[in-house]
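S.K.: Got a file for you: upload-v8.cif, mmCIF, C-alpha atoms.
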```cif
data_target
loop_
_atom_site.label_atom_id
_atom_site.label_comp_id
_atom_site.auth_asym_id
_atom_site.auth_seq_id
_atom_site.Cartn_x
_atom_site.Cartn_y
_atom_site.Cartn_z
CA MET A 1 31.99 86.52 80.09
CA PRO A 2 31.78 90.04 81.56
CA ILE A 3 34.55 91.36 83.75
CA GLU A 4 33.65 90.55 87.35
CA ARG A 5 36.95 91.02 89.19
CA ILE A 6 39.26 94.00 88.79
CA ALA A 7 42.51 94.70 90.64
CA ILE A 8 43.93 98.22 90.74
CA LEU A 9 47.61 98.25 91.63
CA GLY A 10 48.30 101.85 92.56
CA THR A 11 45.35 103.66 94.14
CA GLY A 12 46.54 107.25 93.76
CA LEU A 13 44.79 109.91 91.73
CA ILE A 14 44.33 107.97 88.48
CA GLY A 15 43.81 104.51 89.96
CA ALA A 16 41.22 105.74 92.45
CA SER A 17 39.52 107.85 89.76
CA VAL A 18 39.19 104.73 87.60
CA GLY A 19 37.52 102.92 90.49
CA LEU A 20 35.09 105.78 91.02
CA ALA A 21 34.36 106.00 87.29
CA LEU A 22 33.63 102.28 87.12
CA ARG A 23 31.14 102.52 89.98
CA SER A 24 29.44 105.67 88.74
CA HIS A 25 28.94 104.12 85.30
CA GLY A 26 27.36 100.90 86.48
CA TYR A 27 30.14 98.39 87.08
CA LEU A 28 28.78 95.73 89.44
CA GLY A 29 31.80 93.48 89.90
CA SER A 30 34.44 93.62 92.62
CA ILE A 31 37.27 96.16 92.69
CA THR A 32 40.24 95.33 94.88
CA GLY A 33 43.06 97.77 95.40
CA TRP A 34 46.65 97.79 96.52
CA ASP A 35 49.09 100.63 97.04
CA PRO A 36 52.57 100.81 98.56
CA ALA A 37 51.38 103.73 100.71
CA PRO A 38 48.79 102.54 103.28
CA PRO A 39 47.20 106.03 103.60
CA GLU A 40 46.53 106.09 99.85
CA LEU A 41 44.94 102.66 100.01
CA ALA A 42 42.78 103.65 102.99
CA ALA A 43 41.73 106.86 101.26
CA ALA A 44 40.72 105.00 98.10
CA GLN A 45 38.57 102.61 100.12
CA SER A 46 37.01 105.40 102.18
CA ILE A 47 35.77 107.23 99.07
CA GLY A 48 34.40 104.06 97.48
CA ALA A 49 36.98 103.73 94.70
CA ILE A 50 37.72 100.15 95.78
CA ASP A 51 35.69 97.59 97.69
CA SER A 52 38.56 96.07 99.61
CA ALA A 53 42.20 96.83 100.33
CA ALA A 54 44.66 94.02 99.74
CA GLN A 55 47.93 93.38 101.52
CA ASP A 56 49.25 90.95 98.90
CA PRO A 57 49.18 92.43 95.37
CA ILE A 58 50.27 89.23 93.67
CA ARG A 59 47.41 87.31 95.24
CA ILE A 60 44.76 89.77 94.06
CA ALA A 61 46.32 89.91 90.61
CA ARG A 62 46.08 86.13 90.30
CA ALA A 63 42.41 86.26 91.33
CA SER A 64 41.40 89.06 88.94
CA GLN A 65 40.39 89.10 85.31
CA LEU A 66 41.61 92.66 84.74
CA ILE A 67 44.70 94.10 86.41
CA LEU A 68 45.17 97.85 86.07
CA LEU A 69 48.68 99.17 86.66
CA SER A 70 48.56 102.77 87.82
CA GLY A 71 51.71 104.64 88.74
CA PRO A 72 54.90 106.14 87.31
CA VAL A 73 56.43 104.47 84.27
CA PHE A 74 59.24 102.72 86.16
CA THR A 75 56.70 101.27 88.59
CA ILE A 76 54.66 99.89 85.69
CA LEU A 77 57.78 98.29 84.21
CA GLU A 78 58.50 96.62 87.55
CA TRP A 79 54.95 95.28 87.75
CA LEU A 80 55.17 93.83 84.26
CA ASP A 81 58.21 91.86 85.43
CA ARG A 82 56.57 90.70 88.65
CA LEU A 83 53.30 89.60 87.03
CA ARG A 84 54.53 87.91 83.86
CA SER A 85 55.01 84.47 85.45
CA VAL A 86 51.97 84.45 87.74
CA LEU A 87 49.18 85.26 85.28
CA GLN A 88 47.71 83.25 82.43
CA SER A 89 45.50 83.48 79.36
CA GLY A 90 42.04 84.69 80.20
CA GLN A 91 43.51 87.57 82.19
CA LEU A 92 44.38 91.05 80.96
CA VAL A 93 46.93 93.55 82.22
CA THR A 94 46.45 97.16 81.21
CA ASP A 95 48.08 100.37 82.36
CA VAL A 96 47.74 104.15 82.44
CA GLY A 97 51.40 105.05 81.87
CA SER A 98 52.33 108.29 80.15
CA VAL A 99 55.02 106.74 77.92
CA LYS A 100 54.13 103.77 75.75
CA GLY A 101 57.23 102.86 73.74
CA ALA A 102 59.24 101.66 76.75
CA ILE A 103 56.24 99.91 78.28
CA CYS A 104 55.22 98.07 75.11
CA GLU A 105 58.80 97.02 74.46
CA HIS A 106 59.14 95.74 78.03
CA ALA A 107 55.96 93.67 77.71
CA GLY A 108 57.12 92.10 74.44
CA GLY A 109 57.80 88.39 74.58
CA SER A 110 56.18 87.96 78.00
CA TYR A 111 52.52 88.80 77.37
CA ASN A 112 49.99 88.13 74.61
CA LEU A 113 51.30 84.61 74.03
CA VAL A 114 49.21 81.42 73.98
CA HIS A 115 49.57 80.65 77.69
CA THR A 116 50.20 84.15 79.07
CA ALA A 117 48.00 87.03 80.11
CA GLY A 118 47.16 89.64 77.54
CA PHE A 119 48.59 93.13 77.78
CA LEU A 120 46.82 96.21 76.41
CA ALA A 121 48.79 99.43 76.81
CA GLY A 122 46.64 102.46 77.59
CA HIS A 123 46.94 106.09 78.57
CA PRO A 124 44.09 108.38 79.66
CA MET A 125 44.88 111.98 78.76
CA ALA A 126 43.51 113.28 82.02
CA GLY A 127 44.89 114.20 85.39
CA LYS A 128 45.51 116.96 87.89
CA GLU A 129 48.55 118.78 89.16
CA VAL A 130 47.94 117.17 92.56
CA SER A 131 48.32 113.49 93.37
CA GLY A 132 46.62 111.08 95.73
CA ALA A 133 43.33 109.29 96.16
CA ALA A 134 41.89 112.21 98.12
CA SER A 135 41.83 114.17 94.84
CA ALA A 136 40.24 111.37 92.82
CA ASP A 137 37.20 112.17 90.69
CA GLY A 138 34.89 109.76 88.90
CA GLU A 139 34.31 112.36 86.17
CA LEU A 140 38.02 112.97 85.60
CA PHE A 141 37.99 111.14 82.25
CA ASN A 142 34.77 112.62 80.88
CA GLY A 143 35.59 114.35 77.60
CA ALA A 144 39.22 113.20 77.62
CA ALA A 145 40.98 110.94 75.15
CA TRP A 146 41.93 107.43 76.26
CA LEU A 147 44.79 106.27 74.05
CA PHE A 148 45.54 102.62 73.33
CA THR A 149 48.75 101.49 71.67
CA GLU A 150 48.21 98.05 70.24
CA THR A 151 51.19 96.15 68.87
CA ALA A 152 51.41 93.11 66.59
CA GLU A 153 51.69 90.96 69.72
CA SER A 154 48.69 92.47 71.47
CA ARG A 155 46.55 92.10 68.36
CA ALA A 156 47.28 88.37 68.50
CA MET A 157 46.49 87.90 72.20
CA HIS A 158 44.48 84.85 73.29
CA PRO A 159 40.76 85.21 72.46
CA SER A 160 39.79 84.99 76.14
CA SER A 161 42.07 87.90 76.96
CA ARG A 162 40.91 89.78 73.85
CA ALA A 163 37.33 89.61 75.10
CA ILE A 164 38.41 91.35 78.32
CA ALA A 165 40.40 93.91 76.33
CA ASP A 166 37.40 94.74 74.18
CA GLU A 167 35.17 95.09 77.22
CA TRP A 168 37.71 97.33 78.93
CA ARG A 169 37.82 99.59 75.89
CA GLY A 170 34.04 99.77 76.16
CA TRP A 171 34.26 100.85 79.79
CA THR A 172 36.57 103.72 78.92
CA GLU A 173 33.99 104.88 76.41
CA LYS A 174 31.34 104.74 79.15
CA PHE A 175 33.57 107.03 81.20
CA GLY A 176 32.99 109.62 78.48
CA CYS A 177 36.35 109.15 76.76
CA ARG A 178 37.20 109.40 73.10
CA VAL A 179 39.02 106.13 72.47
CA LEU A 180 41.91 106.49 70.03
CA ASP A 181 44.50 104.01 68.74
CA LEU A 182 48.11 105.01 68.08
CA ASP A 183 51.41 103.28 67.46
CA PRO A 184 53.58 103.45 70.61
CA GLU A 185 56.20 105.61 68.89
CA ARG A 186 53.61 108.05 67.55
CA HIS A 187 51.99 108.21 70.97
CA ASP A 188 55.27 109.21 72.61
CA LEU A 189 56.02 111.85 69.99
CA LEU A 190 52.58 113.45 70.24
CA CYS A 191 52.50 113.34 74.03
CA ALA A 192 55.94 114.95 74.18
CA TRP A 193 54.41 117.99 72.45
CA VAL A 194 50.92 118.19 73.94
CA SER A 195 51.53 116.90 77.47
CA HIS A 196 55.18 116.62 78.42
CA LEU A 197 56.32 119.95 76.96
CA PRO A 198 53.61 121.96 78.78
CA GLN A 199 54.63 120.29 82.04
CA TYR A 200 58.33 121.05 81.69
CA LEU A 201 57.54 124.59 80.53
CA SER A 202 55.44 125.20 83.64
CA THR A 203 58.13 123.60 85.81
CA ALA A 204 60.83 125.82 84.31
CA LEU A 205 58.73 128.98 84.67
CA SER A 206 57.75 128.17 88.25
CA ALA A 207 61.35 127.37 89.20
CA LEU A 208 62.57 130.57 87.53
CA LEU A 209 60.06 132.67 89.44
CA GLU A 210 61.02 130.92 92.67
CA ASP A 211 64.65 131.90 92.08
CA GLU A 212 63.88 135.44 90.93
CA PHE A 213 61.32 136.19 93.65
CA PRO A 214 62.14 134.13 96.75
CA VAL A 215 60.21 136.68 98.78
CA LYS A 216 56.79 136.64 97.18
CA ASP A 217 55.07 139.53 98.92
CA GLU A 218 55.03 141.54 95.67
CA VAL A 219 54.75 138.99 92.88
CA LEU A 220 51.86 136.97 94.34
CA PRO A 221 49.45 139.89 94.91
CA ILE A 222 50.21 141.21 91.42
CA GLY A 223 50.09 137.90 89.59
CA GLY A 224 46.60 137.13 88.33
CA ARG A 225 44.91 134.38 86.36
CA ALA A 226 47.67 134.16 83.77
CA LEU A 227 50.29 133.45 86.41
CA ARG A 228 48.11 130.85 88.12
CA GLU A 229 47.32 129.07 84.84
CA MET A 230 50.89 129.10 83.56
CA THR A 231 52.34 127.77 86.83
CA ARG A 232 49.57 125.33 87.77
CA LEU A 233 51.48 122.32 86.48
CA GLY A 234 54.47 123.42 88.51
CA ALA A 235 52.85 121.62 91.45
CA SER A 236 53.11 118.22 89.73
CA PRO A 237 55.05 115.44 91.50
CA PHE A 238 58.65 114.84 90.47
CA SER A 239 58.38 111.04 90.68
CA MET A 240 56.01 110.80 87.73
CA TRP A 241 57.83 113.29 85.51
CA ARG A 242 61.27 111.92 86.28
CA ASP A 243 60.19 108.61 84.77
CA ILE A 244 58.81 110.34 81.68
CA ALA A 245 62.06 112.26 81.22
CA HIS A 246 64.04 109.02 81.41
CA THR A 247 61.83 106.98 79.07
CA ASN A 248 60.79 109.57 76.47
CA THR A 249 64.03 111.54 76.48
CA GLU A 250 64.56 112.13 72.76
CA ALA A 251 61.04 113.34 72.00
CA VAL A 252 60.91 115.58 75.07
CA ALA A 253 64.37 117.02 74.37
CA ALA A 254 63.40 117.76 70.76
CA SER A 255 60.24 119.61 71.81
CA LEU A 256 62.15 121.60 74.44
CA LEU A 257 64.80 122.58 71.89
CA ALA A 258 62.11 123.73 69.47
CA LEU A 259 60.56 125.83 72.23
CA GLU A 260 63.96 127.33 73.13
CA GLN A 261 64.42 128.34 69.50
CA ARG A 262 60.92 129.84 69.36
CA LEU A 263 61.52 131.85 72.51
CA ALA A 264 64.78 133.12 71.06
CA HIS A 265 62.89 134.11 67.92
CA LEU A 266 60.41 136.08 70.01
CA ARG A 267 63.19 137.75 71.98
CA GLU A 268 64.91 138.81 68.76
CA ASN A 269 61.71 140.20 67.24
CA LEU A 270 60.13 142.15 70.09
CA ARG A 271 60.16 145.30 67.92
CA THR A 272 59.50 143.82 64.47
CA PRO A 273 56.32 142.85 62.59
CA GLU A 274 57.26 139.21 63.15
CA LEU A 275 55.92 139.53 66.70
CA ARG A 276 52.47 140.31 65.28
CA ASP A 277 52.72 137.27 63.02
CA GLU A 278 53.60 135.07 65.98
CA PHE A 279 50.53 136.29 67.83
CA GLY A 280 48.48 135.51 64.74
CA ARG A 281 49.77 131.94 64.60
CA ALA A 282 49.13 131.53 68.31
CA ASN A 283 45.61 132.91 68.00
CA ARG A 284 44.79 130.52 65.17
CA PHE A 285 45.99 127.51 67.12
CA ARG A 286 44.09 128.51 70.25
CA ALA A 287 40.93 129.12 68.24
CA SER A 288 41.16 125.61 66.81
CA MET A 289 40.91 124.22 70.35
CA ASP A 290 37.61 125.95 71.08
CA PRO A 291 34.34 124.38 69.90
CA PRO A 292 32.62 126.30 67.11
CA THR A 293 29.87 128.61 68.25
CA LYS A 294 26.34 128.03 66.97
#
```
Would you mind writing the structure in this file as structure tokens?
M.R.:
Amino acid sequence: MPIERIAILGTGLIGASVGLALRSHGYLGSITGWDPAPPELAAAQSIGAIDSAAQDPIRIARASQLILLSGPVFTILEWLDRLRSVLQSGQLVTDVGSVKGAICEHAGGSYNLVHTAGFLAGHPMAGKEVSGAASADGELFNGAAWLFTETAESRAMHPSSRAIADEWRGWTEKFGCRVLDLDPERHDLLCAWVSHLPQYLSTALSALLEDEFPVKDEVLPIGGRALREMTRLGASPFSMWRDIAHTNTEAVAASLLALEQRLAHLRENLRTPELRDEFGRANRFRASMDPPTK
């Protein structure tokens, strides 16, 4: 049976973008949304990301086949607790959280059992430095990776929930995503390096510049594209990244320490040939990210 009823709990940037992506890629079922901030909910409905705005999130979750949890990691953990006793087999909970180890561990023993809803942990590697439904984009996920972190429990979920999980994976492919499967621990390690480290680097640089140049009448006119690109993530909301820091602490701390050591290495070799070698390594990595020219 195709998915006909979807609930999005959290209609900010990612949740509303999922709703828009579903509609723009042919989803014909109902999409009901809920958000703790009424303006976000109203904005999501006004742009067509959801069909209706709900006041009671538990009620719409009970009535839906697919429940998407969109928000900071701690919020997702709270929803897993609230929903575990009100859903049943034949329903699927999925999420878009940026840390998967803590979320998968929290869902263990409460989902993917014979009489419980299924849980499929997911993470689209897409976003913006701004939040809110007003910034939502149905093409946000096109070309991005959508990561799923199956566990032994989720692989054994009830067949009726598995059918929804498989269909949901298909929808993410329709969005234009590359669907990849990772272990939760591997996911958190990789994301610490390719997502979390760039964020904290940009935050540190932006905060440093704020302290060094509180009056910006000189630095802003001089700063060009490099400054804008390197500080773009500095506009990201604290609430999301606080939760990541708390739930992926070891991997993030290890990547930050490695960066500190690399920066020290650069500082100590500003006048040696090692600086040229570092630029060479950096150039090779950056070239590997660009598609080959024909």
S.K.: Residues picked by the PyMOL selection byres ((chain A and resi 44) around 12) here, as a VMD selection string?
M.R.: chain A and resid 8 to 20 31 to 35 37 to 43 45 to 54 132 to 138
S.K.: Take the point (51.2, 86.1, 76.4) as written in the file and pick out every residue within 9 Å of it, counting all atoms listed in the file; give the list as a list in words.
M.R.: Arg84, Gln88, Ser89, Gly108, Gly109, Ser110, Tyr111, Asn112, Leu113, Val114, His115, Thr116, Ala117, Gly118, Phe119, Glu153, Ser154, Met157 and His158 of chain A
S.K.: Pull the closest atom pair for each residue of region 74-126 of chain A that gets at most 12 Å from region 190-204 of chain A, along with the distance in Å to one decimal, counting only C-alpha atoms, ordering rows by chain and then ascending residue number, as a Markdown table.
M.R.:
```
| residue | atom | partner | partner_atom | distance |
| --- | --- | --- | --- | --- |
| A:Gly97 | CA | A:Cys191 | CA | 11.5 |
| A:Ser98 | CA | A:Cys191 | CA | 7.9 |
| A:Val99 | CA | A:Cys191 | CA | 8.1 |
| A:Lys100 | CA | A:Cys191 | CA | 9.9 |
| A:Gly101 | CA | A:Cys191 | CA | 11.5 |
| A:His123 | CA | A:Cys191 | CA | 10.2 |
| A:Pro124 | CA | A:Cys191 | CA | 11.3 |
| A:Met125 | CA | A:Ser195 | CA | 8.4 |
| A:Ala126 | CA | A:Ser195 | CA | 9.9 |
```
S.K.: Could I get the residues of region 218-286 of chain A with an atom no further than 12 Å from an atom of region 180-187 of chain A, each paired with its nearest atom pair and that distance in Å to one decimal, using all atoms listed in the file, sorted by chain and residue number, as CSV?
M.R.:
```
residue,atom,partner,partner_atom,distance
A:Thr247,CA,A:Glu185,CA,11.7
A:Asn248,CA,A:Glu185,CA,9.7
A:Glu250,CA,A:Glu185,CA,11.3
A:Ala251,CA,A:Glu185,CA,9.6
```
S.K.: Using all atoms listed in the file, which residues sit within 12 Å of Glu210 (chain A) once same-chain residues fewer than 4 positions away are excluded, as JSON, numbers by chain?
M.R.: {"A": [203, 204, 205, 206, 214, 215, 216, 219, 220, 231, 234]}
S.K.: Take the residues from that selection and put them in a file with C-alpha atoms, as a PDB file, keeping the file's coordinate frame.
M.R.:
```
ATOM      1  CA  THR A 203      58.130 123.600  85.810  1.00  0.00           C
ATOM      2  CA  ALA A 204      60.830 125.820  84.310  1.00  0.00           C
ATOM      3  CA  LEU A 205      58.730 128.980  84.670  1.00  0.00           C
ATOM      4  CA  SER A 206      57.750 128.170  88.250  1.00  0.00           C
ATOM      5  CA  PRO A 214      62.140 134.130  96.750  1.00  0.00           C
ATOM      6  CA  VAL A 215      60.210 136.680  98.780  1.00  0.00           C
ATOM      7  CA  LYS A 216      56.790 136.640  97.180  1.00  0.00           C
ATOM      8  CA  VAL A 219      54.750 138.990  92.880  1.00  0.00           C
ATOM      9  CA  LEU A 220      51.860 136.970  94.340  1.00  0.00           C
ATOM     10  CA  THR A 231      52.340 127.770  86.830  1.00  0.00           C
ATOM     11  CA  GLY A 234      54.470 123.420  88.510  1.00  0.00           C
TER      12      GLY A 234
END
```
S.K.: Please measure the separation of CA of Thr172 (chain A) and CA of Leu66 (chain A), giving the value in Å to one decimal.
M.R.: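 Going from CA of Thr172 (chain A) over to CA of Leu66 (chain A), I get 13.5 Å.
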S.K.: Quick check, in Å to one decimal: how far apart do CA of Thr94 (chain A) and CA of Val130 (chain A) lie?
M.R.: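 Interatomic distance here is 23.1 Å.
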S.K.: Go through A:Glu278, A:Glu167, A:Glu105, A:Glu212 and flag the residue nearest Glu150 (chain A), using only C-alpha atoms for the distances.
M.R.: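 Using only C-alpha atoms, Glu150 (chain A) sits closest to A:Glu105.
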S.K.: Padding 3 Å on every side, please: axis-aligned box over the listed atoms of region 90-105 of chain A, centre and edge lengths to one decimal in Å, as lines of an AutoDock Vina configuration file.
M.R.:
```
center_x = 50.6
center_y = 96.5
center_z = 78.1
size_x = 23.2
size_y = 29.6
size_z = 14.7
```
S.K.: Between A:Leu80, A:Leu87, A:Ala254, A:Val73, single out the one closest to Ile60 (chain A), counting only C-alpha atoms.
M.R.: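 Using only C-alpha atoms, the shortest distance to Ile60 (chain A) belongs to A:Leu87.
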S.K.: Have a look at A:Ala121, A:Leu83, A:Ala156, A:Cys177 and name the one nearest to Asn142 (chain A); count all atoms listed in the file.
M.R.: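 Checking each of A:Ala121, A:Leu83, A:Ala156, A:Cys177 against Asn142 (chain A), counting all atoms listed in the file, the winner is A:Cys177.
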S.K.: Expressed in Å to a single decimal, how great is the separation between CA of Arg178 (chain A) and CA of Trp146 (chain A)?
M.R.: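 Between these atoms lies a distance of 6.0 Å.
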S.K.: Counting only C-alpha atoms, what is within 10 Å of Pro2 (chain A), bar same-chain residues fewer than 6 positions away, as an NGL selection string?
M.R.: :A and (29 or 65 or 163-164 or 167-168)
S.K.: Take the PyMOL selection byres ((chain A and resi 82) around 12), run it mentally on this structure, and tell me the resulting residues as a PyMOL selection string.
M.R.: chain A and resi 57-59+61-62+69+75-81+83-87+93+107+110
S.K.: Select, from A:Thr151, A:Gln55, A:Ser288, A:Ser236, the residue with the minimum atom-to-atom distance to Gly127 (chain A), counting only C-alpha atoms.
M.R.: A:Ser236
S.K.: For Asp188 (chain A), which residue out of A:Ala282, A:Ala245, A:Leu275, A:Ser24 is the nearest one, using only C-alpha atoms?
M.R.: A:Ala245
S.K.: Please evaluate the PyMOL selection byres ((chain A and resi 5) around 6) against the displayed coordinates and give the resulting residues as JSON, numbers by chain.
M.R.: {"A": [3, 4, 6, 29, 30, 64, 65]}
S.K.: Any idea what's packed within 12 Å of His265 (chain A), counting only C-alpha atoms, ignoring anything in its chain fewer than 5 positions away? Could you give it as a PyMOL selection string?
M.R.: chain A and resi 258-260+270-272+274-275+277-278
S.K.: Kindly complete region 72-84 of chain A to N, CA and C atoms; the output should be written as a PDB file, in the coordinates of the input.
M.R.:
```pdb
ATOM      1  N   PRO A  72      53.852 105.662  88.216  1.00  0.00           N
ATOM      2  CA  PRO A  72      54.900 106.140  87.310  1.00  0.00           C
ATOM      3  C   PRO A  72      55.381 105.037  86.375  1.00  0.00           C
ATOM      4  N   VAL A  73      56.029 105.423  85.303  1.00  0.00           N
ATOM      5  CA  VAL A  73      56.430 104.470  84.270  1.00  0.00           C
ATOM      6  C   VAL A  73      57.340 103.379  84.825  1.00  0.00           C
ATOM      7  N   PHE A  74      58.333 103.735  85.623  1.00  0.00           N
ATOM      8  CA  PHE A  74      59.240 102.720  86.160  1.00  0.00           C
ATOM      9  C   PHE A  74      58.508 101.714  87.034  1.00  0.00           C
ATOM     10  N   THR A  75      57.502 102.175  87.771  1.00  0.00           N
ATOM     11  CA  THR A  75      56.700 101.270  88.590  1.00  0.00           C
ATOM     12  C   THR A  75      55.937 100.287  87.721  1.00  0.00           C
ATOM     13  N   ILE A  76      55.385 100.760  86.618  1.00  0.00           N
ATOM     14  CA  ILE A  76      54.660  99.890  85.690  1.00  0.00           C
ATOM     15  C   ILE A  76      55.601  98.844  85.102  1.00  0.00           C
ATOM     16  N   LEU A  77      56.805  99.255  84.735  1.00  0.00           N
ATOM     17  CA  LEU A  77      57.780  98.290  84.210  1.00  0.00           C
ATOM     18  C   LEU A  77      58.099  97.213  85.239  1.00  0.00           C
ATOM     19  N   GLU A  78      58.230  97.595  86.494  1.00  0.00           N
ATOM     20  CA  GLU A  78      58.500  96.620  87.550  1.00  0.00           C
ATOM     21  C   GLU A  78      57.332  95.641  87.707  1.00  0.00           C
ATOM     22  N   TRP A  79      56.114  96.164  87.620  1.00  0.00           N
ATOM     23  CA  TRP A  79      54.950  95.280  87.750  1.00  0.00           C
ATOM     24  C   TRP A  79      54.853  94.302  86.591  1.00  0.00           C
ATOM     25  N   LEU A  80      55.183  94.745  85.399  1.00  0.00           N
ATOM     26  CA  LEU A  80      55.170  93.830  84.260  1.00  0.00           C
ATOM     27  C   LEU A  80      56.122  92.657  84.498  1.00  0.00           C
ATOM     28  N   ASP A  81      57.264  92.938  85.101  1.00  0.00           N
ATOM     29  CA  ASP A  81      58.210  91.860  85.430  1.00  0.00           C
ATOM     30  C   ASP A  81      57.645  90.934  86.494  1.00  0.00           C
ATOM     31  N   ARG A  82      57.046  91.506  87.524  1.00  0.00           N
ATOM     32  CA  ARG A  82      56.570  90.700  88.650  1.00  0.00           C
ATOM     33  C   ARG A  82      55.378  89.828  88.273  1.00  0.00           C
ATOM     34  N   LEU A  83      54.552  90.299  87.347  1.00  0.00           N
ATOM     35  CA  LEU A  83      53.300  89.600  87.030  1.00  0.00           C
ATOM     36  C   LEU A  83      53.427  88.599  85.888  1.00  0.00           C
ATOM     37  N   ARG A  84      54.462  88.695  85.095  1.00  0.00           N
ATOM     38  CA  ARG A  84      54.530  87.910  83.860  1.00  0.00           C
ATOM     39  C   ARG A  84      54.441  86.408  84.098  1.00  0.00           C
TER      40      ARG A  84
END
```
